[in-house]
Structures are given as C-alpha cells and as structure tokens.
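**Student:** Coordinates in my_file14.txt, compact mmCIF, C-alpha atoms and all ligand atoms, are listed below.
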# COMPACT_ATOMS: atom_id res chain seq x y z
CA MET A 5 -17.96 -32.32 31.20
CA ILE A 6 -21.38 -33.47 30.06
CA ASP A 7 -24.18 -35.57 31.43
CA TYR A 8 -24.79 -37.75 28.37
CA ILE A 9 -28.43 -38.37 27.55
CA ASP A 10 -28.89 -41.14 25.02
CA ASN A 11 -32.18 -40.07 23.50
CA GLY A 12 -32.24 -36.34 24.09
CA ASP A 13 -30.12 -33.27 24.68
CA SER A 14 -27.03 -33.89 26.80
CA ARG A 15 -26.42 -31.48 29.65
CA ILE A 16 -23.20 -29.49 30.15
CA ILE A 17 -22.20 -29.89 33.79
CA SER A 18 -18.98 -27.90 33.85
CA THR A 19 -16.38 -26.36 31.57
CA PHE A 20 -12.68 -26.88 32.19
CA PRO A 21 -10.23 -24.00 31.88
CA ARG A 22 -8.63 -23.72 28.43
CA GLN A 23 -5.10 -25.08 28.25
CA THR A 24 -4.11 -22.97 25.27
CA TYR A 25 -6.02 -20.15 23.71
CA PHE A 26 -5.56 -17.92 20.65
CA SER A 27 -7.42 -14.62 20.74
CA ARG A 28 -7.37 -11.27 19.01
CA LYS A 29 -9.04 -7.93 19.43
CA ASP A 30 -12.57 -8.18 18.07
CA PRO A 31 -12.77 -6.17 14.81
CA ASP A 32 -16.06 -4.76 16.19
CA PRO A 33 -14.81 -1.95 18.44
CA ARG A 34 -17.81 -2.29 20.79
CA ARG A 35 -16.64 -5.73 21.81
CA GLY A 36 -13.38 -6.74 23.49
CA GLU A 37 -11.50 -9.97 23.01
CA GLN A 38 -12.43 -12.58 20.42
CA ALA A 39 -11.49 -16.22 20.98
CA VAL A 40 -10.31 -17.84 17.75
CA ALA A 41 -9.39 -21.36 18.93
CA ALA A 42 -8.51 -23.22 22.13
CA ASN A 43 -6.83 -26.38 23.45
CA PHE A 44 -4.40 -26.95 20.58
CA ASP A 45 -0.76 -28.07 20.76
CA TYR A 46 0.70 -26.27 17.74
CA VAL A 47 -0.11 -23.03 15.97
CA PHE A 48 0.74 -23.22 12.28
CA ILE A 49 1.36 -19.61 11.30
CA MET A 50 0.95 -19.77 7.56
CA GLN A 51 2.04 -17.31 4.93
CA SER A 52 2.50 -17.85 1.22
CA LEU A 53 5.90 -17.32 -0.33
CA ASN A 54 4.53 -15.30 -3.19
CA MET A 55 2.96 -11.88 -2.70
CA ASP A 56 1.46 -12.48 0.75
CA PHE A 57 4.94 -12.70 2.33
CA ASN A 58 5.19 -10.07 5.07
CA LEU A 59 7.62 -10.16 8.01
CA LYS A 60 5.75 -7.57 10.08
CA ARG A 61 2.56 -9.59 9.92
CA LEU A 62 4.54 -12.67 10.94
CA GLU A 63 5.86 -10.85 14.01
CA ARG A 64 2.28 -10.00 14.97
CA TYR A 65 1.10 -13.61 14.52
CA LEU A 66 4.09 -14.88 16.49
CA THR A 67 3.34 -12.60 19.42
CA LEU A 68 -0.25 -13.83 19.58
CA ALA A 69 0.81 -17.43 19.04
CA TRP A 70 3.32 -17.34 21.93
CA GLN A 71 0.64 -15.76 24.09
CA SER A 72 -1.65 -18.74 23.36
CA GLY A 73 0.62 -21.06 25.35
CA ALA A 74 1.07 -23.52 22.44
CA THR A 75 4.12 -24.05 20.21
CA PRO A 76 4.29 -21.87 17.10
CA VAL A 77 5.48 -23.31 13.80
CA ILE A 78 5.89 -21.17 10.69
CA ILE A 79 4.69 -22.68 7.43
CA LEU A 80 5.58 -20.90 4.19
CA THR A 81 3.19 -22.13 1.51
CA LYS A 82 3.25 -22.23 -2.31
CA ALA A 83 6.98 -22.96 -2.52
CA ASP A 84 6.38 -23.99 -6.14
CA LEU A 85 5.71 -20.35 -7.04
CA VAL A 86 9.18 -19.10 -6.10
CA TYR A 87 12.52 -19.96 -7.62
CA ASP A 88 14.37 -20.42 -4.34
CA PRO A 89 12.69 -20.00 -0.91
CA ASP A 90 15.99 -19.98 1.05
CA GLU A 91 16.36 -16.20 1.22
CA GLN A 92 12.84 -15.80 2.61
CA ILE A 93 13.36 -18.67 5.06
CA ASP A 94 16.51 -16.95 6.38
CA ALA A 95 14.65 -13.65 6.78
CA VAL A 96 11.91 -15.41 8.75
CA LYS A 97 14.42 -17.18 10.99
CA GLN A 98 15.90 -13.83 11.94
CA ILE A 99 12.60 -12.53 13.27
CA ALA A 100 11.54 -15.85 14.79
CA PRO A 101 14.44 -17.15 16.87
CA GLY A 102 13.88 -20.74 17.98
CA VAL A 103 10.72 -21.24 15.93
CA PRO A 104 10.72 -24.03 13.31
CA VAL A 105 10.21 -22.78 9.75
CA HIS A 106 9.07 -25.05 6.91
CA ALA A 107 8.51 -24.23 3.25
CA ILE A 108 5.90 -26.45 1.60
CA SER A 109 3.90 -26.89 -1.57
CA VAL A 110 0.71 -28.90 -1.82
CA MET A 111 1.06 -28.76 -5.62
CA THR A 112 4.39 -30.62 -5.71
CA GLY A 113 4.42 -32.23 -2.25
CA TYR A 114 7.62 -30.32 -1.39
CA GLY A 115 8.36 -30.19 2.36
CA LEU A 116 5.23 -32.07 3.45
CA ASP A 117 7.28 -34.85 5.08
CA MET A 118 8.58 -32.24 7.56
CA LEU A 119 5.06 -31.85 8.95
CA GLU A 120 4.78 -35.48 10.06
CA GLN A 121 6.46 -34.69 13.39
CA TYR A 122 3.46 -32.53 14.36
CA LEU A 123 0.72 -34.80 13.04
CA ARG A 124 0.82 -37.29 15.90
CA PRO A 125 -2.32 -38.99 17.24
CA GLY A 126 -4.15 -36.83 19.78
CA LYS A 127 -2.28 -33.66 18.84
CA THR A 128 -4.28 -30.63 17.74
CA ILE A 129 -3.02 -27.99 15.34
CA VAL A 130 -4.66 -24.69 14.49
CA PHE A 131 -4.04 -23.24 11.01
CA LEU A 132 -3.84 -19.44 10.93
CA GLY A 133 -3.06 -17.05 8.11
CA SER A 134 -4.54 -14.66 5.56
CA SER A 135 -7.20 -15.70 3.08
CA GLY A 136 -5.99 -17.53 0.00
CA ILE A 137 -2.64 -18.77 1.31
CA GLY A 138 -3.65 -22.42 1.23
CA LYS A 139 -4.83 -23.41 4.73
CA SER A 140 -7.76 -25.49 3.49
CA SER A 141 -5.67 -26.88 0.61
CA LEU A 142 -3.22 -28.25 3.20
CA VAL A 143 -6.09 -29.76 5.23
CA ASN A 144 -7.31 -31.54 2.09
CA THR A 145 -3.83 -32.76 1.15
CA LEU A 146 -3.13 -34.10 4.64
CA SER A 147 -6.50 -35.81 4.89
CA GLY A 148 -6.40 -37.19 1.35
CA GLU A 149 -9.96 -35.97 0.84
CA GLU A 150 -11.67 -32.79 -0.30
CA LEU A 151 -13.00 -31.98 3.17
CA MET A 152 -12.77 -28.22 2.82
CA ALA A 153 -13.80 -26.00 -0.08
CA VAL A 154 -10.88 -24.30 -1.82
CA ASN A 155 -11.08 -21.35 -4.20
CA ALA A 156 -8.59 -20.08 -6.74
CA ILE A 157 -7.20 -16.60 -6.14
CA ARG A 158 -5.52 -14.16 -8.50
CA GLU A 159 -1.89 -14.88 -7.72
CA ASP A 160 -0.84 -11.50 -9.14
CA ASP A 161 -2.57 -9.54 -6.37
CA SER A 162 -2.70 -12.40 -3.83
CA ARG A 163 -6.06 -11.31 -2.51
CA GLY A 164 -7.98 -14.16 -0.92
CA ARG A 165 -11.66 -14.79 -1.48
CA HIS A 166 -12.52 -15.68 2.09
CA THR A 167 -13.60 -19.16 1.07
CA THR A 168 -13.62 -20.65 4.58
CA THR A 169 -16.14 -18.71 6.63
CA HIS A 170 -16.26 -20.67 9.88
CA ARG A 171 -13.81 -22.52 12.07
CA GLN A 172 -13.83 -26.29 11.76
CA LEU A 173 -12.18 -29.12 13.67
CA LEU A 174 -11.25 -32.14 11.54
CA THR A 175 -9.55 -35.45 12.33
CA LEU A 176 -6.76 -36.53 9.99
CA PRO A 177 -5.99 -40.18 9.13
CA THR A 178 -2.89 -39.96 11.39
CA GLY A 179 -5.18 -39.31 14.39
CA ALA A 180 -4.09 -35.67 14.68
CA MET A 181 -6.74 -32.96 14.66
CA VAL A 182 -6.70 -29.73 12.69
CA ILE A 183 -8.68 -26.56 13.26
CA ASP A 184 -9.07 -24.79 9.92
CA THR A 185 -9.93 -21.11 10.27
CA PRO A 186 -11.10 -18.34 7.93
CA GLY A 187 -8.40 -15.91 6.79
CA MET A 188 -8.38 -12.96 9.18
CA ARG A 189 -8.17 -9.44 7.79
CA GLU A 190 -7.28 -7.85 11.12
CA LEU A 191 -5.21 -9.20 13.92
CA GLY A 192 -5.44 -6.68 16.73
CA MET A 193 -3.50 -7.15 19.95
CA TRP A 194 -5.22 -8.20 23.14
CA ASP A 195 -3.33 -8.78 26.38
CA VAL A 196 -0.07 -10.09 24.91
CA SER A 197 2.57 -9.23 27.51
CA GLU A 198 3.87 -12.80 27.73
CA GLY A 199 3.62 -13.30 23.98
CA LEU A 200 5.71 -10.20 23.35
CA SER A 201 8.42 -11.36 25.75
CA ASN A 202 8.68 -14.69 23.98
CA ALA A 203 8.42 -13.36 20.44
CA PHE A 204 10.96 -10.61 21.12
CA ALA A 205 13.31 -12.30 23.61
CA ASP A 206 16.21 -11.24 21.36
CA VAL A 207 15.15 -7.58 21.82
CA GLU A 208 14.16 -7.70 25.49
CA GLN A 209 17.59 -9.05 26.51
CA PHE A 210 18.91 -5.50 26.00
CA LEU A 211 16.19 -3.80 28.05
CA GLY A 212 17.06 -2.54 31.55
CA LYS A 213 20.75 -2.30 30.65
CA CYS A 214 20.88 1.41 29.78
CA ARG A 215 22.83 3.83 31.96
CA PHE A 216 19.64 5.72 32.85
CA ARG A 217 16.74 3.75 34.18
CA ASP A 218 14.22 5.99 32.40
CA CYS A 219 16.14 5.91 29.09
CA THR A 220 13.87 6.63 26.13
CA HIS A 221 16.39 5.04 23.73
CA GLN A 222 16.44 8.22 21.66
CA SER A 223 19.55 10.29 22.36
CA GLU A 224 20.70 9.49 25.90
CA PRO A 225 24.32 8.43 26.45
CA GLY A 226 24.90 4.83 27.54
CA CYS A 227 21.81 3.48 25.78
CA ALA A 228 22.13 -0.32 25.53
CA ILE A 229 19.62 -0.54 22.68
CA LYS A 230 21.43 1.95 20.48
CA ALA A 231 24.76 0.28 21.24
CA ALA A 232 23.36 -3.15 20.31
CA ILE A 233 22.07 -1.76 17.01
CA GLN A 234 25.47 -0.17 16.30
CA ARG A 235 27.28 -3.43 17.08
CA GLY A 236 24.91 -5.24 14.69
CA GLU A 237 23.55 -7.43 17.49
CA LEU A 238 20.06 -6.00 17.08
CA TYR A 239 18.36 -4.98 13.83
CA ALA A 240 16.86 -1.48 13.88
CA THR A 241 13.76 -2.83 12.07
CA ARG A 242 13.30 -5.42 14.80
CA TRP A 243 13.50 -2.74 17.50
CA LYS A 244 10.92 -0.65 15.61
CA SER A 245 8.54 -3.62 15.33
CA TYR A 246 8.89 -4.30 19.04
CA CYS A 247 8.13 -0.67 19.96
CA ALA A 248 5.07 -0.56 17.71
CA LEU A 249 3.59 -3.83 19.02
CA GLU A 250 4.41 -2.98 22.62
CA LYS A 251 2.63 0.36 22.29
CA GLU A 252 -0.40 -1.28 20.75
CA ALA A 253 -0.46 -3.97 23.45
CA ARG A 254 -0.31 -1.35 26.20
CA TYR A 255 -3.31 0.41 24.68
CA ALA A 256 -5.20 -2.90 24.42
CA ASP A 257 -4.40 -3.63 28.07
CA ASP A 258 -5.86 -0.28 29.09
CA LYS A 259 -8.93 -1.01 27.04
CA ALA A 260 -9.30 -4.48 28.58
CA ASP A 261 -9.13 -2.92 32.02
CA PHE A 262 -11.69 -0.30 31.03
CA LEU A 263 -14.08 -3.01 29.76
CA ARG A 264 -13.67 -5.04 32.96
CA GLN A 265 -14.49 -1.99 35.04
CA LYS A 266 -17.50 -1.24 32.83
CA GLN A 267 -18.81 -4.80 33.22
CA GLN A 268 -18.37 -4.63 36.99
CA TRP A 269 -20.15 -1.29 37.03
CA SER A 270 -23.21 -2.61 35.14
CA LYS A 271 -23.22 -5.71 37.38
CA ASN A 272 -23.32 -3.48 40.45
CA LEU A 273 -26.07 -1.48 38.81
CA ARG A 274 -28.16 -4.63 38.25
CA LYS A 275 -27.57 -5.68 41.85
CA GLY A 276 -28.69 -2.22 42.92
CA ASP A 277 -31.86 -2.63 40.87
CA LYS A 278 -32.68 -5.92 42.58
CA ASN A 279 -32.20 -4.37 46.02
CA LYS A 280 -34.45 -1.52 44.99
CA LYS A 281 -37.21 -3.98 44.06
CA LYS A 282 -36.84 -5.73 47.39
CA GLU A 283 -37.19 -2.43 49.18
CA ILE A 284 -40.36 -1.55 47.30
CA TRP A 285 -42.13 -4.88 47.60
N1 LIG B 301 0.64 -22.91 -6.59
C1 LIG B 301 0.11 -23.28 -5.43
N2 LIG B 301 -1.15 -22.95 -5.16
C2 LIG B 301 -1.67 -23.32 -3.97
C3 LIG B 301 -0.93 -24.05 -3.01
N3 LIG B 301 -1.72 -24.24 -1.92
C4 LIG B 301 -2.91 -23.67 -2.20
N4 LIG B 301 -2.89 -23.12 -3.43
C5 LIG B 301 -3.99 -22.42 -4.12
O1 LIG B 301 -4.33 -21.24 -3.40
C6 LIG B 301 -5.72 -20.97 -3.54
C7 LIG B 301 -6.36 -20.70 -2.20
O2 LIG B 301 -6.28 -21.85 -1.40
P1 LIG B 301 -7.20 -22.12 -0.11
O3 LIG B 301 -6.77 -23.44 0.45
O4 LIG B 301 -8.64 -21.94 -0.45
O5 LIG B 301 -6.75 -20.92 0.85
P2 LIG B 301 -7.23 -20.63 2.36
O6 LIG B 301 -6.02 -20.18 3.08
O7 LIG B 301 -7.98 -21.78 2.93
O8 LIG B 301 -8.21 -19.37 2.14
P3 LIG B 301 -9.49 -18.90 3.03
O9 LIG B 301 -10.36 -20.09 3.26
O10 LIG B 301 -10.13 -17.87 2.16
O11 LIG B 301 -8.94 -18.31 4.30
C8 LIG B 301 -6.31 -22.17 -4.28
O12 LIG B 301 -6.43 -21.85 -5.66
C9 LIG B 301 -5.26 -23.26 -4.11
O13 LIG B 301 -5.26 -24.19 -5.16
C10 LIG B 301 0.41 -24.41 -3.33
O14 LIG B 301 1.16 -25.04 -2.58
N5 LIG B 301 0.88 -23.98 -4.56
MG MG B 302 -9.89 -21.98 3.66
What does the file become when written as structure tokens?
Ligand SMILES: Nc1nc2c(ncn2[C@@H]2O[C@H](COP(=O)(O)OP(=O)(O)OP(=O)(O)O)[C@@H](O)[C@H]2O)c(=O)[nH]1
Ligand SMILES: [Mg+2]

**Tutor:**
Amino acid sequence: MIDYIDNGDSRIISTFPRQTYFSRKDPDPRRGEQAVAANFDYVFIMQSLNMDFNLKRLERYLTLAWQSGATPVIILTKADLVYDPDEQIDAVKQIAPGVPVHAISVMTGYGLDMLEQYLRPGKTIVFLGSSGIGKSSLVNTLSGEELMAVNAIREDDSRGRHTTTHRQLLTLPTGAMVIDTPGMRELGMWDVSEGLSNAFADVEQFLGKCRFRDCTHQSEPGCAIKAAIQRGELYATRWKSYCALEKEARYADDKADFLRQKQQWSKNLRKGDKNKKKEIW
C-alpha cells in the first residue's frame, strides 16, 4: 500500500503478505532462502523436449511449485525438434499426477491454443526453467512483440546462454501478466514439506502402512512400500526420488532453523549493546 505523491517519491505505507511465493535455496551458501517470484496464479514449469528433458529436475521443480501455493502447469517446449512428443508426455504424466502437461512449439505454433485457458485477464503466470529452453521466446510469441531478448543456443548440447539476467513482469494483450525469469542453474530445496506432500501424494499414500512403525523400508517384513513396488503400484525410481528430495528438504529445514536462531542471537546481542550504552551514559 502506498501513499501516492504526484510530483515526488511515493511512500510505502505497508506490505501485504504474499499470496503465493516461489523460493529456492540461495546458491550463495552464506545466505538462506531466495525469493524468485510472488503473487502469481500459475507456475509454468518449462522444459524443452530435446536434450534438456529431465524427469528428476521436473520432480524438483514440481515440489517447489506446489510449495508456492499456486497451480503448476508443465510446458514442454520445442515440440518441433522431436518426431513424436507423446512418449515424453506420458513419462511426465507419471511423475506429475493431476498436473496439466502441454507440448508446444513457438516455431510452428503447435499447442499454443492450449495455453489460452491460463492467459485470462488479471491472472499472473511465472515462467521457470533452465536457460535456453524458450521462456522469453514464448513471452514474445504471446505478446506479439519482441519484448524480451532471445539468443540462439547450440541445440546439440542444449546449453543456454543465460540471456535473461533479471526477472521481469510483463502484461500480455489478453490482460494476463507474465513474470519471465533467468534460467536457474541450481534449484536447492528450502522448506518444502507441503510441496513434497503434494508432488509425491502417490508415494506418501503408502507411508505409515508398514507393519513396523519405524520401518526403514529396506528389509523389514510387512513393508508397504516394498509391497507397492512389487505390485507395480509404485515405481522404484519414484520412491528413490522421493527419498532423495525428502532428505535434502530435511537438511534445508535444519539449516533454516539454524539461521533463524543465529538471527535471533545477533538481535539479542544488539539489544544487549544498547542496554550497555544506557548503563554507561
Ligand atoms: N526449434 C525451436 N526453437 C525454439 C523454440 N522456442 C525457443 N527456441 C529457441 O531457443 C533459443 C533460446 O530461447 P530463449 O527464449 O532465449 O530461452 P530462455 O529460456 O529465455 O533462456 P534464458 O533467458 O537464457 O533463461 C532461441 O534460439 C530460440 O529461438 C521452439 O519452440 N522451437
Ligand atoms: Mg530468457
């Protein structure tokens, strides 16, 4: 909320709590959480169908996207570079139950009509994904203008050039808003307990059903996880992904707690300093 001043600097009176919020672990280990974007309705998790395609990375994005509180949508770009995207779409659907998946191409226009349902007036969408997968190209196509710089990549190694270097909010002709972001090299976990539960609901349904409450899901009899894998109701790769992300999230939680304690400690220290001054003077 601002106090608008016509001929000078406006004054910020208060800040409202964020409704949705995408964050990751700051790549600088001295810092904690890094906010990427806030107050959006949809997260477009974007991956290109050529060499960038990676299911494990998608699972990571999905966990963080669910944690944000907004609705994730998976966009598979550069459909013109593959013969038939159906196999990849099916693989994605298996790791993203209930999440819409769309294959698109800005070169041919393939699949773009499927995006209209999200581009409603007043809706905000954040584009996330590695460098070079076509986030800014999609912004330009949807806006009908070259609003964002785009750079060619070598499609044989799929390495992006980190063309977009800052986050930018743009309004599309439909009245929807898009937040274009730079491709992120690292996507560390930060406080994602809710995100994990949503992204891995298909895995978590089997938790707590083992014969032993402290089952480690290794070799104990009556393990519900192992039984589900044997019955083909749970993929072993999916279980492995869940364990890895859960472990990482637990570590991040510990670290978040440690940082909070550290901040409180230095705050107390500063308070102590002030009291000391009062005593002296
Ligand atoms: N063949 C094909 N190429 C595409 C498509 N979309 C984007 N590209 C190309 O991919 C390259 C990278 O596109 P950008 O839009 O700059 O990628 P970005 O995701 O914004 O990359 P960063 O800003 O670095 O994060 C450009 O050469 C685009 O022309 C597509 O649908 N098909
Ligand atoms: Mg870009």

**Student:** Would you mind reading off the distance between atom N3 of ligand LIG 301 (chain B) and atom CA of A:Phe48, one decimal, in Å?

**Tutor:**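 Here the two named atoms are 14.4 Å from each other.
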
**Student:** If you count all atoms listed in the file, which residues fall within 12 Å of A:Cys219, apart from same-chain ones fewer than 6 positions away, as number ranges by chain?

**Tutor:** A: 211-213, 225-230

**Student:** Please check which residues have atoms at most 6 Å from (3.7, -20.4, 7.0) in the file's coordinates, counting all atoms listed in the file, and write them as a list in words.

**Tutor:**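 Answer for this query, in the requested form: Ile49, Met50, Gln51, Ile78, Ile79, Leu80 and Thr81 of chain A.
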
**Student:** Those selected residues, please, written with C-alpha atoms and delivered as a PDB file, in the frame of the given file.

**Tutor:**
ATOM      1  CA  ILE A  49       1.360 -19.610  11.300  1.00  0.00           C
ATOM      2  CA  MET A  50       0.950 -19.770   7.560  1.00  0.00           C
ATOM      3  CA  GLN A  51       2.040 -17.310   4.930  1.00  0.00           C
ATOM      4  CA  ILE A  78       5.890 -21.170  10.690  1.00  0.00           C
ATOM      5  CA  ILE A  79       4.690 -22.680   7.430  1.00  0.00           C
ATOM      6  CA  LEU A  80       5.580 -20.900   4.190  1.00  0.00           C
ATOM      7  CA  THR A  81       3.190 -22.130   1.510  1.00  0.00           C
TER       8      THR A  81
END

**Student:** Under the rule that only C-alpha atoms are counted, which of A:Ile183, A:Leu123, A:Ile157, A:Leu249 is the nearest residue to A:Gly136?

**Tutor:** A:Ile157

**Student:** From the options A:Ser14, A:Gln209, A:Thr112, A:Ser134, which residue's atoms come nearest to ligand MG 302 (chain B), counting all atoms listed in the file?

**Tutor:**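 Between A:Ser14, A:Gln209, A:Thr112, A:Ser134, the residue approaching ligand MG 302 (chain B) most closely is A:Ser134.
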
**Student:** Name all residues at most 10 Å from A:Ala232 (count all atoms listed in the file; drop same-chain ones fewer than 6 positions away) and give them as a short mmCIF file (atom, residue, chain, number, x, y, z; two decimals) with C-alpha atoms, in the coordinates of the input.

**Tutor:**
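Written out: part_28.cif:
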data_model
loop_
_atom_site.label_atom_id
_atom_site.label_comp_id
_atom_site.auth_asym_id
_atom_site.auth_seq_id
_atom_site.Cartn_x
_atom_site.Cartn_y
_atom_site.Cartn_z
CA VAL A 207 15.15 -7.58 21.82
CA PHE A 210 18.91 -5.50 26.00
CA LEU A 238 20.06 -6.00 17.08
CA TYR A 239 18.36 -4.98 13.83
CA ALA A 240 16.86 -1.48 13.88
#

**Student:** Would you name the residues within 6 Å of ligand LIG 301 (chain B), counting all atoms listed in the file, and put them as a ChimeraX atom specification?

**Tutor:** /A:81-82,84-85,109-111,134-141,154-157,164-168,186-187

**Student:** Taking into account all atoms listed in the file, which residue in the set A:Asn54, A:Thr175, A:Asn144, A:Gln71 is nearest to ligand MG 302 (chain B)?

**Tutor:** A:Asn144

**Student:** Atom CA of A:Phe204 to atom CA of A:His221: how many Å, to one decimal?

**Tutor:**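 Going from atom CA of A:Phe204 over to atom CA of A:His221, I get 16.8 Å.
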
**Student:** Using only C-alpha atoms, which residue out of A:Arg22, A:Arg254, A:Arg235, A:Lys244 lies closest to A:Ser72?

**Tutor:**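 Closest to A:Ser72, using only C-alpha atoms: A:Arg22.
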
**Student:** Find the distance between atom CA of A:Thr145 and atom CA of A:Ala180 and write it in Å to one decimal.

**Tutor:**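 Interatomic distance here is 13.8 Å.
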
**Student:** Residues near A:Pro31, anyone? I mean within 12 Å using all atoms listed in the file, not counting same-chain ones fewer than 2 positions away, as a PDB file with C-alpha atoms, in the coordinates of the input.

**Tutor:**
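Final output, saved to out36.pdb:
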ATOM      1  CA  SER A  27      -7.420 -14.620  20.740  1.00  0.00           C
ATOM      2  CA  ARG A  28      -7.370 -11.270  19.010  1.00  0.00           C
ATOM      3  CA  LYS A  29      -9.040  -7.930  19.430  1.00  0.00           C
ATOM      4  CA  PRO A  33     -14.810  -1.950  18.440  1.00  0.00           C
ATOM      5  CA  ARG A  34     -17.810  -2.290  20.790  1.00  0.00           C
ATOM      6  CA  ARG A  35     -16.640  -5.730  21.810  1.00  0.00           C
ATOM      7  CA  GLY A  36     -13.380  -6.740  23.490  1.00  0.00           C
ATOM      8  CA  GLU A  37     -11.500  -9.970  23.010  1.00  0.00           C
ATOM      9  CA  GLN A  38     -12.430 -12.580  20.420  1.00  0.00           C
ATOM     10  CA  ALA A  39     -11.490 -16.220  20.980  1.00  0.00           C
ATOM     11  CA  MET A 188      -8.380 -12.960   9.180  1.00  0.00           C
ATOM     12  CA  ARG A 189      -8.170  -9.440   7.790  1.00  0.00           C
ATOM     13  CA  GLU A 190      -7.280  -7.850  11.120  1.00  0.00           C
ATOM     14  CA  LEU A 191      -5.210  -9.200  13.920  1.00  0.00           C
ATOM     15  CA  GLY A 192      -5.440  -6.680  16.730  1.00  0.00           C
ATOM     16  CA  MET A 193      -3.500  -7.150  19.950  1.00  0.00           C
ATOM     17  CA  TRP A 194      -5.220  -8.200  23.140  1.00  0.00           C
TER      18      TRP A 194
END

**Student:** List the neighbours of A:Gly73 out to 10 Å using all atoms listed in the file; skip same-chain residues closer than 2 positions along the sequence, and give me the result as a ChimeraX atom specification.

**Tutor:** /A:23-26,42-47,68-71,75-76,198-199

**Student:** Closest to A:Gln98 among A:Glu252, A:Met5, A:Glu237, A:Val130, using only C-alpha atoms?

**Tutor:** A:Glu237
